[in-house]
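Chemist: run-v5.pdb is reproduced below (PDB, C-alpha atoms, pLDDT in the B column).
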ATOM      1  CA  MET A 224      10.987 -59.987   0.412  1.00 45.00           C
ATOM      2  CA  ALA A 225      13.989 -62.024  -0.668  1.00 46.00           C
ATOM      3  CA  LEU A 226      14.142 -65.790  -0.457  1.00 44.00           C
ATOM      4  CA  LEU A 227      17.577 -67.367  -0.249  1.00 45.00           C
ATOM      5  CA  VAL A 228      17.659 -71.013  -1.268  1.00 43.00           C
ATOM      6  CA  PRO A 229      20.664 -73.235  -2.123  1.00 45.00           C
ATOM      7  CA  VAL A 230      20.417 -74.239  -5.798  1.00 42.00           C
ATOM      8  CA  ARG A 231      21.408 -77.884  -5.416  1.00 44.00           C
ATOM      9  CA  CYS A 232      18.897 -78.390  -2.621  1.00 41.00           C
ATOM     10  CA  THR A 233      15.795 -77.118  -4.357  1.00 38.00           C
ATOM     11  CA  ARG A 234      13.178 -79.471  -5.676  1.00 41.00           C
ATOM     12  CA  PHE A 235      10.723 -76.844  -6.819  1.00 39.00           C
ATOM     13  CA  PRO A 236      10.853 -74.737  -9.963  1.00 43.00           C
ATOM     14  CA  VAL A 237      12.625 -71.429  -9.665  1.00 40.00           C
ATOM     15  CA  PRO A 238      10.146 -68.546  -9.704  1.00 42.00           C
ATOM     16  CA  LEU A 239      10.219 -66.021 -12.503  1.00 40.00           C
ATOM     17  CA  ARG A 240      12.288 -62.963 -11.671  1.00 42.00           C
ATOM     18  CA  ALA A 241      14.860 -65.109  -9.833  1.00 40.00           C
ATOM     19  CA  HIS A 242      18.492 -64.123  -9.959  1.00 41.00           C
ATOM     20  CA  VAL A 243      21.387 -66.508  -9.391  1.00 42.00           C
ATOM     21  CA  TYR A 244      24.307 -65.061  -7.474  1.00 40.00           C
ATOM     22  CA  PRO A 245      27.499 -67.096  -7.113  1.00 44.00           C
ATOM     23  CA  SER A 246      28.697 -67.374  -3.567  1.00 41.00           C
ATOM     24  CA  ARG A 247      32.139 -68.267  -2.265  1.00 43.00           C
ATOM     25  CA  ARG A 248      30.909 -71.717  -1.370  1.00 42.00           C
ATOM     26  CA  LEU A 249      30.352 -74.487  -3.905  1.00 40.00           C
ATOM     27  CA  CYS A 250      26.594 -74.082  -3.819  1.00 42.00           C
ATOM     28  CA  HIS A 251      24.956 -71.171  -5.629  1.00 42.00           C
ATOM     29  CA  THR A 252      22.261 -69.192  -3.915  1.00 39.00           C
ATOM     30  CA  ILE A 253      19.041 -67.991  -5.478  1.00 39.00           C
ATOM     31  CA  SER A 254      17.636 -64.668  -4.434  1.00 38.00           C
ATOM     32  CA  ALA A 255      14.017 -64.623  -5.475  1.00 40.00           C
ATOM     33  CA  THR A 256      11.812 -61.651  -5.064  1.00 41.00           C
ATOM     34  CA  LEU A 257       8.304 -62.817  -4.355  1.00 42.00           C
ATOM     35  CA  SER A 258       5.928 -60.975  -6.582  1.00 43.00           C
ATOM     36  CA  SER A 259       3.432 -59.010  -4.613  1.00 45.00           C
ATOM     37  CA  ARG A 260      -0.126 -60.207  -4.937  1.00 47.00           C
ATOM     38  CA  PRO A 261      -2.911 -57.710  -5.302  1.00 45.00           C
ATOM     39  CA  LYS A 262      -4.131 -56.741  -1.882  1.00 51.00           C
ATOM     40  CA  ALA A 263      -7.280 -58.500  -0.776  1.00 58.00           C
ATOM     41  CA  VAL A 264     -10.283 -56.291  -0.284  1.00 61.00           C
ATOM     42  CA  ASP A 265     -11.233 -55.813   3.347  1.00 66.00           C
ATOM     43  CA  TRP A 266     -14.966 -56.398   2.920  1.00 64.00           C
ATOM     44  CA  VAL A 267     -15.677 -55.945   6.618  1.00 69.00           C
ATOM     45  CA  GLU A 268     -14.206 -52.463   6.482  1.00 70.00           C
ATOM     46  CA  LYS A 269     -15.988 -51.672   3.195  1.00 71.00           C
ATOM     47  CA  THR A 270     -19.344 -52.727   4.652  1.00 78.00           C
ATOM     48  CA  SER A 271     -19.009 -51.525   8.235  1.00 77.00           C
ATOM     49  CA  SER A 272     -21.250 -48.560   7.413  1.00 85.00           C
ATOM     50  CA  PHE A 273     -24.165 -50.993   6.979  1.00 86.00           C
ATOM     51  CA  PHE A 274     -24.067 -51.663  10.722  1.00 88.00           C
ATOM     52  CA  GLU A 275     -23.088 -48.247  12.121  1.00 89.00           C
ATOM     53  CA  ASN A 276     -26.600 -46.863  12.607  1.00 91.00           C
ATOM     54  CA  ASP A 277     -28.599 -50.075  12.368  1.00 91.00           C
ATOM     55  CA  SER A 278     -27.332 -53.294  13.935  1.00 92.00           C
ATOM     56  CA  ARG A 279     -30.143 -55.489  12.600  1.00 95.00           C
ATOM     57  CA  PRO A 280     -29.020 -58.410  10.427  1.00 95.00           C
ATOM     58  CA  ILE A 281     -29.458 -58.241   6.663  1.00 95.00           C
ATOM     59  CA  MET A 282     -31.094 -61.034   4.697  1.00 96.00           C
ATOM     60  CA  LEU A 283     -29.615 -61.325   1.204  1.00 94.00           C
ATOM     61  CA  PHE A 284     -31.867 -62.992  -1.349  1.00 94.00           C
ATOM     62  CA  ASP A 285     -32.118 -63.568  -5.100  1.00 92.00           C
ATOM     63  CA  GLY A 286     -34.199 -60.586  -6.202  1.00 90.00           C
ATOM     64  CA  VAL A 287     -35.589 -62.211  -9.363  1.00 91.00           C
ATOM     65  CA  CYS A 288     -36.456 -65.588  -7.831  1.00 92.00           C
ATOM     66  CA  ASN A 289     -40.164 -66.010  -7.082  1.00 91.00           C
ATOM     67  CA  LEU A 290     -39.418 -68.460  -4.257  1.00 93.00           C
ATOM     68  CA  CYS A 291     -36.986 -66.002  -2.660  1.00 93.00           C
ATOM     69  CA  ASN A 292     -39.395 -63.084  -3.012  1.00 92.00           C
ATOM     70  CA  GLY A 293     -42.094 -65.235  -1.426  1.00 92.00           C
ATOM     71  CA  GLY A 294     -39.684 -66.040   1.394  1.00 93.00           C
ATOM     72  CA  VAL A 295     -39.051 -62.338   1.960  1.00 94.00           C
ATOM     73  CA  ARG A 296     -42.806 -61.647   2.053  1.00 93.00           C
ATOM     74  CA  PHE A 297     -43.200 -64.509   4.543  1.00 94.00           C
ATOM     75  CA  VAL A 298     -40.417 -63.209   6.794  1.00 95.00           C
ATOM     76  CA  ARG A 299     -41.834 -59.669   6.641  1.00 94.00           C
ATOM     77  CA  ALA A 300     -45.288 -60.920   7.604  1.00 95.00           C
ATOM     78  CA  ASN A 301     -43.887 -62.863  10.560  1.00 95.00           C
ATOM     79  CA  ASP A 302     -41.340 -60.279  11.700  1.00 94.00           C
ATOM     80  CA  ARG A 303     -43.647 -57.828  13.430  1.00 93.00           C
ATOM     81  CA  GLN A 304     -40.807 -56.218  15.371  1.00 94.00           C
ATOM     82  CA  ARG A 305     -38.818 -55.638  12.148  1.00 95.00           C
ATOM     83  CA  LYS A 306     -35.666 -57.377  13.380  1.00 95.00           C
ATOM     84  CA  ILE A 307     -34.383 -58.153   9.862  1.00 96.00           C
ATOM     85  CA  ARG A 308     -33.457 -55.920   6.934  1.00 95.00           C
ATOM     86  CA  PHE A 309     -33.483 -57.109   3.314  1.00 95.00           C
ATOM     87  CA  GLU A 310     -31.184 -56.631   0.339  1.00 93.00           C
ATOM     88  CA  ALA A 311     -31.141 -58.292  -3.083  1.00 93.00           C
ATOM     89  CA  LEU A 312     -28.011 -60.284  -3.894  1.00 92.00           C
ATOM     90  CA  GLN A 313     -27.822 -58.537  -7.261  1.00 92.00           C
ATOM     91  CA  SER A 314     -27.644 -55.028  -5.776  1.00 91.00           C
ATOM     92  CA  GLU A 315     -24.348 -53.227  -5.196  1.00 92.00           C
ATOM     93  CA  SER A 316     -24.862 -53.472  -1.428  1.00 90.00           C
ATOM     94  CA  GLY A 317     -25.723 -57.148  -1.742  1.00 91.00           C
ATOM     95  CA  ARG A 318     -22.545 -57.814  -3.716  1.00 91.00           C
ATOM     96  CA  LYS A 319     -20.431 -56.078  -1.055  1.00 91.00           C
ATOM     97  CA  LEU A 320     -22.136 -58.013   1.729  1.00 92.00           C
ATOM     98  CA  LEU A 321     -21.524 -61.267  -0.160  1.00 91.00           C
ATOM     99  CA  GLY A 322     -17.831 -60.402  -0.196  1.00 87.00           C
ATOM    100  CA  ARG A 323     -18.013 -59.736   3.529  1.00 86.00           C
ATOM    101  CA  SER A 324     -19.502 -63.217   3.948  1.00 87.00           C
ATOM    102  CA  GLY A 325     -16.629 -64.873   2.119  1.00 85.00           C
ATOM    103  CA  ARG A 326     -18.660 -65.520  -1.014  1.00 88.00           C
ATOM    104  CA  GLU A 327     -18.009 -64.377  -4.558  1.00 89.00           C
ATOM    105  CA  PRO A 328     -19.866 -61.117  -5.297  1.00 85.00           C
ATOM    106  CA  ASP A 329     -21.656 -62.774  -8.244  1.00 86.00           C
ATOM    107  CA  ASP A 330     -22.799 -65.846  -6.279  1.00 88.00           C
ATOM    108  CA  ILE A 331     -26.586 -65.804  -6.087  1.00 87.00           C
ATOM    109  CA  SER A 332     -26.941 -69.501  -5.261  1.00 88.00           C
ATOM    110  CA  SER A 333     -27.925 -69.100  -1.615  1.00 91.00           C
ATOM    111  CA  VAL A 334     -29.802 -66.957   0.818  1.00 94.00           C
ATOM    112  CA  VAL A 335     -27.334 -65.300   3.194  1.00 94.00           C
ATOM    113  CA  LEU A 336     -27.946 -63.725   6.582  1.00 95.00           C
ATOM    114  CA  VAL A 337     -25.300 -61.150   7.478  1.00 93.00           C
ATOM    115  CA  GLU A 338     -24.955 -60.074  11.080  1.00 92.00           C
ATOM    116  CA  LYS A 339     -22.467 -57.482  12.280  1.00 89.00           C
ATOM    117  CA  ASN A 340     -19.851 -60.094  13.207  1.00 88.00           C
ATOM    118  CA  ARG A 341     -20.984 -63.234  11.391  1.00 91.00           C
ATOM    119  CA  SER A 342     -22.696 -64.563   8.278  1.00 92.00           C
ATOM    120  CA  TYR A 343     -24.823 -67.636   7.642  1.00 95.00           C
ATOM    121  CA  ILE A 344     -25.502 -69.405   4.342  1.00 94.00           C
ATOM    122  CA  LYS A 345     -27.860 -72.060   3.019  1.00 94.00           C
ATOM    123  CA  SER A 346     -29.851 -73.967   5.648  1.00 96.00           C
ATOM    124  CA  ASP A 347     -27.982 -72.280   8.507  1.00 96.00           C
ATOM    125  CA  ALA A 348     -29.203 -68.917   7.190  1.00 95.00           C
ATOM    126  CA  VAL A 349     -32.782 -70.171   7.033  1.00 96.00           C
ATOM    127  CA  LEU A 350     -32.622 -71.467  10.616  1.00 96.00           C
ATOM    128  CA  LYS A 351     -31.064 -68.231  11.866  1.00 96.00           C
ATOM    129  CA  ILE A 352     -33.756 -66.182  10.109  1.00 96.00           C
ATOM    130  CA  MET A 353     -36.387 -68.371  11.788  1.00 96.00           C
ATOM    131  CA  GLU A 354     -34.857 -67.480  15.162  1.00 96.00           C
ATOM    132  CA  TYR A 355     -35.445 -63.775  14.488  1.00 95.00           C
ATOM    133  CA  ILE A 356     -39.108 -63.965  13.480  1.00 95.00           C
ATOM    134  CA  ASP A 357     -42.203 -64.511  15.624  1.00 92.00           C
ATOM    135  CA  LEU A 358     -43.485 -67.663  17.295  1.00 89.00           C
ATOM    136  CA  PRO A 359     -43.508 -70.615  16.584  1.00 94.00           C
ATOM    137  CA  PHE A 360     -40.571 -70.331  14.182  1.00 93.00           C
ATOM    138  CA  PRO A 361     -37.744 -69.956  16.741  1.00 95.00           C
ATOM    139  CA  GLN A 362     -38.904 -73.175  18.397  1.00 96.00           C
ATOM    140  CA  LEU A 363     -39.132 -74.930  15.038  1.00 96.00           C
ATOM    141  CA  ALA A 364     -35.584 -73.763  14.212  1.00 95.00           C
ATOM    142  CA  PHE A 365     -34.405 -75.195  17.526  1.00 96.00           C
ATOM    143  CA  PHE A 366     -35.639 -78.667  16.576  1.00 96.00           C
ATOM    144  CA  LEU A 367     -34.477 -78.460  12.947  1.00 96.00           C
ATOM    145  CA  GLN A 368     -30.914 -77.715  14.047  1.00 95.00           C
ATOM    146  CA  PHE A 369     -30.629 -81.334  15.215  1.00 97.00           C
ATOM    147  CA  ILE A 370     -30.920 -82.547  11.629  1.00 97.00           C
ATOM    148  CA  PRO A 371     -27.333 -82.974  10.418  1.00 97.00           C
ATOM    149  CA  LEU A 372     -26.017 -80.051   8.379  1.00 96.00           C
ATOM    150  CA  PHE A 373     -25.186 -82.203   5.341  1.00 96.00           C
ATOM    151  CA  VAL A 374     -28.818 -83.401   5.196  1.00 97.00           C
ATOM    152  CA  ARG A 375     -30.247 -79.873   5.623  1.00 97.00           C
ATOM    153  CA  ASP A 376     -27.884 -78.448   2.999  1.00 96.00           C
ATOM    154  CA  PHE A 377     -28.596 -81.338   0.597  1.00 97.00           C
ATOM    155  CA  VAL A 378     -32.323 -80.530   0.703  1.00 96.00           C
ATOM    156  CA  TYR A 379     -31.611 -76.788   0.513  1.00 95.00           C
ATOM    157  CA  GLU A 380     -29.307 -77.151  -2.513  1.00 95.00           C
ATOM    158  CA  ASN A 381     -31.795 -79.328  -4.401  1.00 95.00           C
ATOM    159  CA  VAL A 382     -34.533 -76.754  -3.944  1.00 94.00           C
ATOM    160  CA  ALA A 383     -32.151 -73.864  -4.736  1.00 93.00           C
ATOM    161  CA  ASP A 384     -30.835 -75.532  -7.894  1.00 93.00           C
ATOM    162  CA  ASN A 385     -34.373 -76.012  -9.235  1.00 93.00           C
ATOM    163  CA  ARG A 386     -36.025 -72.845  -7.902  1.00 93.00           C
ATOM    164  CA  TYR A 387     -36.426 -71.147 -11.285  1.00 91.00           C
ATOM    165  CA  ASP A 388     -37.884 -74.280 -12.903  1.00 93.00           C
ATOM    166  CA  ILE A 389     -40.369 -74.885 -10.075  1.00 91.00           C
ATOM    167  CA  PHE A 390     -41.277 -71.356  -8.954  1.00 90.00           C
ATOM    168  CA  GLY A 391     -40.230 -69.240 -11.934  1.00 91.00           C
ATOM    169  CA  ARG A 392     -38.513 -65.895 -12.001  1.00 88.00           C
ATOM    170  CA  SER A 393     -39.634 -62.315 -12.269  1.00 85.00           C
ATOM    171  CA  ASP A 394     -38.216 -59.553 -14.414  1.00 77.00           C
ATOM    172  CA  SER A 395     -37.221 -57.415 -11.447  1.00 72.00           C
ATOM    173  CA  CYS A 396     -36.917 -57.488  -7.692  1.00 71.00           C
ATOM    174  CA  GLU A 397     -40.243 -56.906  -5.941  1.00 66.00           C
ATOM    175  CA  ILE A 398     -38.681 -55.394  -2.836  1.00 70.00           C
TER     176      ILE A 398
END
What would you get if you wrote out this structure as structure tokens?
Modeler:
Amino acid sequence: MALLVPVRCTRFPVPLRAHVYPSRRLCHTISATLSSRPKAVDWVEKTSSFFENDSRPIMLFDGVCNLCNGGVRFVRANDRQRKIRFEALQSESGRKLLGRSGREPDDISSVVLVEKNRSYIKSDAVLKIMEYIDLPFPQLAFFLQFIPLFVRDFVYENVADNRYDIFGRSDSCEI
């Protein structure tokens, strides 16, 4: 792609790889070839196989966090219809699903719920997970959604930031 810009009119630095060509007019023209950026990974395409045969959402969790492992055990115990699947954030699948959710593949700071067409993080993920499990949790999630997001996420982040100090960590994922 070439960008033609009059020289006298520019107020931004000339990109590298720019060539100045004199024109017949008084003003010179710069023809700059925009360097091609590396193509972004299409995480939805790379992870579409996760939802081909099984449309259930996937709960991503920190596999070495005792609090997170306890949360997974709690969800399993209260999800009698097995509506949710589980994957550790540290696994290869978890890293791909994090990318699909718009997060960095190494980001293990939050629980994430990945549905076929949408992802939830932090307190929104917790509320959405509560909607999938058995009574009375969907009703509790309904009322908790009225707490402003910044308040819910503030509480969530404080617990998440201190989870290893309070609850400890294990050497490996229990799931």
Chemist: Would you list the contacts of A:Arg392 as a list in words, taking every protein, DNA or RNA residue within 7 Å and counting all atoms listed in the file, but skipping same-chain residues closer than 6 positions in sequence?
Modeler: Val287, Cys288 and Asn289 of chain A
Chemist: Between A:Val298, A:Met282, A:Cys291, A:Ala311, which residue has the minimum interatomic distance to A:Ala348, considering only C-alpha atoms?
Modeler: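 Closest residue, counting only C-alpha atoms: A:Met282.
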Chemist: Show me the residues around (-35.8, -57.2, -2.3) - criterion: an atom at most 7 Å away, only C-alpha atoms counted - as a PyMOL selection string.
Modeler: chain A and resi 286+292+309-311+396-398
Chemist: Limited to C-alpha atoms, could you put the picked residues into a file as a JSON list (two decimals), keeping the file's coordinate frame?
Modeler:
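And here's selection11.json as it stands now:
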[["chain", "number", "residue", "atom", "x", "y", "z"],
["A", 286, "GLY", "CA", -34.20, -60.59, -6.20],
["A", 292, "ASN", "CA", -39.40, -63.08, -3.01],
["A", 309, "PHE", "CA", -33.48, -57.11, 3.31],
["A", 310, "GLU", "CA", -31.18, -56.63, 0.34],
["A", 311, "ALA", "CA", -31.14, -58.29, -3.08],
["A", 396, "CYS", "CA", -36.92, -57.49, -7.69],
["A", 397, "GLU", "CA", -40.24, -56.91, -5.94],
["A", 398, "ILE", "CA", -38.68, -55.39, -2.84]]
Chemist: Can you turn the PyMOL selection byres ((chain A and resi 270) around 12) into a concrete residue list for this file, as a list in words?
Modeler: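 Checked against the file, the PyMOL selection byres ((chain A and resi 270) around 12) matches Val264, Asp265, Trp266, Val267, Glu268, Lys269, Ser271, Ser272, Phe273, Phe274, Glu275, Ile281, Glu315, Ser316, Gly317, Arg318, Lys319, Leu320, Leu321, Gly322, Arg323, Ser324, Val337, Glu338, Lys339 and Asn340 of chain A.
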Chemist: Which distance in Å separates atom CA of A:Val335 and atom CA of A:Arg308, to one decimal?
Modeler: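 Separation of atom CA of A:Val335 and atom CA of A:Arg308: 11.8 Å.
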Chemist: What would the selection look like, as a list in words, if the PyMOL selection byres ((chain A and resi 375) around 12) were run on the coordinates I just shared?
Modeler: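 When the PyMOL selection byres ((chain A and resi 375) around 12) is applied, the selected residues are Ile344, Lys345, Ser346, Asp347, Ala348, Val349, Leu350, Ala364, Leu367, Gln368, Phe369, Ile370, Pro371, Leu372, Phe373, Val374, Asp376, Phe377, Val378, Tyr379, Glu380, Asn381 and Val382 of chain A.
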Chemist: Hey, can you spit out that residue selection with C-alpha atoms as a PDB file, in the coordinates of the input?
Modeler:
ATOM      1  CA  ILE A 344     -25.502 -69.405   4.342  1.00 94.00           C
ATOM      2  CA  LYS A 345     -27.860 -72.060   3.019  1.00 94.00           C
ATOM      3  CA  SER A 346     -29.851 -73.967   5.648  1.00 96.00           C
ATOM      4  CA  ASP A 347     -27.982 -72.280   8.507  1.00 96.00           C
ATOM      5  CA  ALA A 348     -29.203 -68.917   7.190  1.00 95.00           C
ATOM      6  CA  VAL A 349     -32.782 -70.171   7.033  1.00 96.00           C
ATOM      7  CA  LEU A 350     -32.622 -71.467  10.616  1.00 96.00           C
ATOM      8  CA  ALA A 364     -35.584 -73.763  14.212  1.00 95.00           C
ATOM      9  CA  LEU A 367     -34.477 -78.460  12.947  1.00 96.00           C
ATOM     10  CA  GLN A 368     -30.914 -77.715  14.047  1.00 95.00           C
ATOM     11  CA  PHE A 369     -30.629 -81.334  15.215  1.00 97.00           C
ATOM     12  CA  ILE A 370     -30.920 -82.547  11.629  1.00 97.00           C
ATOM     13  CA  PRO A 371     -27.333 -82.974  10.418  1.00 97.00           C
ATOM     14  CA  LEU A 372     -26.017 -80.051   8.379  1.00 96.00           C
ATOM     15  CA  PHE A 373     -25.186 -82.203   5.341  1.00 96.00           C
ATOM     16  CA  VAL A 374     -28.818 -83.401   5.196  1.00 97.00           C
ATOM     17  CA  ASP A 376     -27.884 -78.448   2.999  1.00 96.00           C
ATOM     18  CA  PHE A 377     -28.596 -81.338   0.597  1.00 97.00           C
ATOM     19  CA  VAL A 378     -32.323 -80.530   0.703  1.00 96.00           C
ATOM     20  CA  TYR A 379     -31.611 -76.788   0.513  1.00 95.00           C
ATOM     21  CA  GLU A 380     -29.307 -77.151  -2.513  1.00 95.00           C
ATOM     22  CA  ASN A 381     -31.795 -79.328  -4.401  1.00 95.00           C
ATOM     23  CA  VAL A 382     -34.533 -76.754  -3.944  1.00 94.00           C
TER      24      VAL A 382
END
Chemist: Could you please determine the separation between atom CA of A:Tyr343 and atom CA of A:Phe390 in Å, to one decimal place?
Modeler: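 Atom-to-atom, atom CA of A:Tyr343 and atom CA of A:Phe390 are spaced 23.7 Å apart.
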Chemist: Might you spell out which residues the PyMOL selection byres ((chain A and resi 353) around 10) would select in the displayed file, as a ChimeraX atom specification?
Modeler: /A:298,301-302,347-352,354-365
Chemist: Using only C-alpha atoms, which of the listed residues (A:Arg296, A:Asp285, A:Pro328, A:Leu336) sits closest to A:Asp394?
Modeler: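 For A:Asp394, the nearest of the given residues is A:Asp285.
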Chemist: Would you mind putting back all heavy atoms on stretch 282-291 of chain A, then writing it out as an mmCIF file, keeping the file's coordinate frame?
Modeler:
data_model
loop_
_atom_site.group_PDB
_atom_site.id
_atom_site.type_symbol
_atom_site.label_atom_id
_atom_site.label_comp_id
_atom_site.auth_asym_id
_atom_site.auth_seq_id
_atom_site.Cartn_x
_atom_site.Cartn_y
_atom_site.Cartn_z
ATOM 1 N N MET A 282 -30.808 -59.813 5.460
ATOM 2 C CA MET A 282 -31.094 -61.034 4.697
ATOM 3 C C MET A 282 -30.846 -60.731 3.223
ATOM 4 O O MET A 282 -31.469 -59.845 2.653
ATOM 5 C CB MET A 282 -32.545 -61.460 4.906
ATOM 6 C CG MET A 282 -32.957 -62.675 4.126
ATOM 7 S SD MET A 282 -34.701 -63.059 4.466
ATOM 8 C CE MET A 282 -35.063 -64.136 3.104
ATOM 9 N N LEU A 283 -29.902 -61.458 2.631
ATOM 10 C CA LEU A 283 -29.615 -61.325 1.204
ATOM 11 C C LEU A 283 -30.366 -62.416 0.460
ATOM 12 O O LEU A 283 -30.316 -63.580 0.854
ATOM 13 C CB LEU A 283 -28.110 -61.465 0.944
ATOM 14 C CG LEU A 283 -27.197 -60.491 1.672
ATOM 15 C CD1 LEU A 283 -25.737 -60.831 1.394
ATOM 16 C CD2 LEU A 283 -27.498 -59.072 1.269
ATOM 17 N N PHE A 284 -31.041 -62.037 -0.609
ATOM 18 C CA PHE A 284 -31.867 -62.992 -1.349
ATOM 19 C C PHE A 284 -31.764 -62.705 -2.835
ATOM 20 O O PHE A 284 -31.407 -61.605 -3.249
ATOM 21 C CB PHE A 284 -33.322 -62.923 -0.877
ATOM 22 C CG PHE A 284 -33.972 -61.603 -1.200
ATOM 23 C CD1 PHE A 284 -34.785 -61.459 -2.308
ATOM 24 C CD2 PHE A 284 -33.750 -60.487 -0.402
ATOM 25 C CE1 PHE A 284 -35.359 -60.244 -2.610
ATOM 26 C CE2 PHE A 284 -34.330 -59.269 -0.691
ATOM 27 C CZ PHE A 284 -35.127 -59.142 -1.807
ATOM 28 N N ASP A 285 -32.100 -63.705 -3.646
ATOM 29 C CA ASP A 285 -32.118 -63.568 -5.100
ATOM 30 C C ASP A 285 -33.344 -62.739 -5.471
ATOM 31 O O ASP A 285 -34.481 -63.187 -5.332
ATOM 32 C CB ASP A 285 -32.166 -64.951 -5.735
ATOM 33 C CG ASP A 285 -32.130 -64.928 -7.253
ATOM 34 O OD1 ASP A 285 -32.207 -63.836 -7.849
ATOM 35 O OD2 ASP A 285 -32.021 -66.015 -7.846
ATOM 36 N N GLY A 286 -33.118 -61.525 -5.947
ATOM 37 C CA GLY A 286 -34.199 -60.586 -6.202
ATOM 38 C C GLY A 286 -35.126 -60.957 -7.341
ATOM 39 O O GLY A 286 -36.231 -60.430 -7.428
ATOM 40 N N VAL A 287 -34.721 -61.839 -8.246
ATOM 41 C CA VAL A 287 -35.589 -62.211 -9.363
ATOM 42 C C VAL A 287 -36.220 -63.584 -9.183
ATOM 43 O O VAL A 287 -36.997 -64.028 -10.016
ATOM 44 C CB VAL A 287 -34.832 -62.145 -10.712
ATOM 45 C CG1 VAL A 287 -34.384 -60.726 -11.002
ATOM 46 C CG2 VAL A 287 -33.666 -63.102 -10.743
ATOM 47 N N CYS A 288 -35.918 -64.255 -8.096
ATOM 48 C CA CYS A 288 -36.456 -65.588 -7.831
ATOM 49 C C CYS A 288 -37.811 -65.458 -7.127
ATOM 50 O O CYS A 288 -37.916 -64.810 -6.088
ATOM 51 C CB CYS A 288 -35.473 -66.357 -6.951
ATOM 52 S SG CYS A 288 -36.121 -67.896 -6.279
ATOM 53 N N ASN A 289 -38.824 -66.077 -7.685
ATOM 54 C CA ASN A 289 -40.164 -66.010 -7.082
ATOM 55 C C ASN A 289 -40.203 -66.684 -5.714
ATOM 56 O O ASN A 289 -40.881 -66.211 -4.805
ATOM 57 C CB ASN A 289 -41.203 -66.623 -8.016
ATOM 58 C CG ASN A 289 -41.456 -65.760 -9.230
ATOM 59 O OD1 ASN A 289 -41.211 -64.551 -9.218
ATOM 60 N ND2 ASN A 289 -41.932 -66.377 -10.299
ATOM 61 N N LEU A 290 -39.471 -67.789 -5.552
ATOM 62 C CA LEU A 290 -39.418 -68.460 -4.257
ATOM 63 C C LEU A 290 -38.777 -67.537 -3.215
ATOM 64 O O LEU A 290 -39.272 -67.398 -2.096
ATOM 65 C CB LEU A 290 -38.626 -69.769 -4.355
ATOM 66 C CG LEU A 290 -38.342 -70.490 -3.030
ATOM 67 C CD1 LEU A 290 -39.642 -70.933 -2.367
ATOM 68 C CD2 LEU A 290 -37.420 -71.671 -3.263
ATOM 69 N N CYS A 291 -37.693 -66.895 -3.592
ATOM 70 C CA CYS A 291 -36.986 -66.002 -2.660
ATOM 71 C C CYS A 291 -37.841 -64.795 -2.296
ATOM 72 O O CYS A 291 -37.900 -64.393 -1.127
ATOM 73 C CB CYS A 291 -35.661 -65.546 -3.264
ATOM 74 S SG CYS A 291 -34.565 -66.920 -3.683
#
